[in-house]
Amino acid sequence: MSLLNTHVITEQEYIQGELLSDIRHEYIDGCVYAVVGATKKHNVISVNVTTEIRNQLKNKQSSCNIFTSDMKVRVKRVDSIRYFYPDVMLVCNDPDDTLEQDDYFQDEPVMIFEVLSNSTEKYDKSDKRLAYFTIASLKYYILVEQNKCEVLVFERKVIDGSDSWQANYYFLGDDIQFDSLGLRLAVEDIYYQVNAEELATYQKLQAEQEQE
């Protein structure tokens, strides 16, 4: 991220500014940061994840909504207000529980995906992760590598009455089960049409095994 302004602006000024801006910005406690553009791999992965989840939701006739990187998520605490643009976000609010701001941002995601890049990986794994973990509704935070077929899933668990985030890695050949949401994602589907040598090798081995 790159700092765009050196003076603090209000939350409302930020929201109105985003409606007029040609580029996206994140908002961190009054400071505005420009969001860098994404690579082709990054976009393909985001589309794959969105498509797979949307198809499953449609089959279940779910009221959940899947959003892409143009929808903001707000992380609001007593002493902090932050707005981010997740690559993919799933929200499962009650259809009757809506706010005027729903057109501009979401407060209660249950699942967030971030596709990692060299410029954002450290931030996505540290400060942004800790901010997301404070969202009470969030059940899963998923980090997807774009230069290798590797997915890191953080899942919120309740252990002895307290929240605990458990991390698991997934690779080609694995299915990721999101039991509390009734969803499943195959790692291979996440990387469909992504030009990765690892994926090509895996698919070749699969084809050879099927011919045996």
# chains A, B, ... in the order shown; residues from 1 in each chain; ligands from 1

$ select_by_dssp --residues "range 1-207 of chain A" --states "helix (DSSP H, G or I)" --output "PyMOL selection string"
chain A and resi 11-20+40-60+100-103+121-125+127-133+179-181+187-190+197-207

$ closest_residue --among "A:Ser63, A:Asn168, A:Asn43, A:Ser80" --to "Tyr27 in chain A" --atoms "only C-alpha atoms"
A:Ser80

$ closest_residue --among "A:Phe113, A:Tyr170, A:Tyr202, A:Phe105" --to "Val47 in chain A" --atoms "only C-alpha atoms"
A:Phe113

$ residues_around --residues "Ser164 in chain A" --least-positions-apart "4" --cutoff "10 Å" --atoms "only C-alpha atoms" --output "PyMOL selection string"
chain A and resi 133+154-160

$ atom_distance --atom1 "CA of Ile112 in chain A" --atom2 "CA of Cys149 in chain A"
18.3 Å

$ closest_residue --among "A:Ala38, A:Met71, A:Leu116, A:Ile190" --to "Thr51 in chain A" --atoms "only C-alpha atoms"
A:Ile190

$ residues_around --residues "Leu172 in chain A" --least-positions-apart "4" --cutoff "10 Å" --atoms "only C-alpha atoms" --output "PDB file with C-alpha atoms, in the first residue's frame"
ATOM      1  CA  LYS A 148       2.332 -21.958  -6.378  1.00  0.00           C
ATOM      2  CA  CYS A 149      -0.644 -24.182  -5.661  1.00  0.00           C
ATOM      3  CA  GLU A 150      -0.950 -23.699  -1.931  1.00  0.00           C
ATOM      4  CA  VAL A 151      -3.897 -22.538   0.167  1.00  0.00           C
ATOM      5  CA  ALA A 186     -11.135 -28.456  -4.550  1.00  0.00           C
ATOM      6  CA  VAL A 187      -7.676 -26.887  -4.696  1.00  0.00           C
ATOM      7  CA  GLU A 188      -7.483 -27.889  -8.351  1.00  0.00           C
ATOM      8  CA  ASP A 189     -10.637 -25.862  -9.083  1.00  0.00           C
ATOM      9  CA  ILE A 190      -9.158 -22.809  -7.371  1.00  0.00           C
ATOM     10  CA  TYR A 191      -6.201 -22.935  -9.783  1.00  0.00           C
ATOM     11  CA  GLU A 198       2.901 -27.267 -10.608  1.00  0.00           C
ATOM     12  CA  LEU A 199      -0.691 -27.530 -11.864  1.00  0.00           C
ATOM     13  CA  TYR A 202      -0.256 -32.565 -11.405  1.00  0.00           C
ATOM     14  CA  GLN A 203      -2.768 -32.775 -14.252  1.00  0.00           C
TER      15      GLN A 203
END

$ closest_residue --among "A:Ala34, A:Ile45, A:Ile142, A:Ala136" --to "Met89 in chain A" --atoms "only C-alpha atoms"
A:Ile142
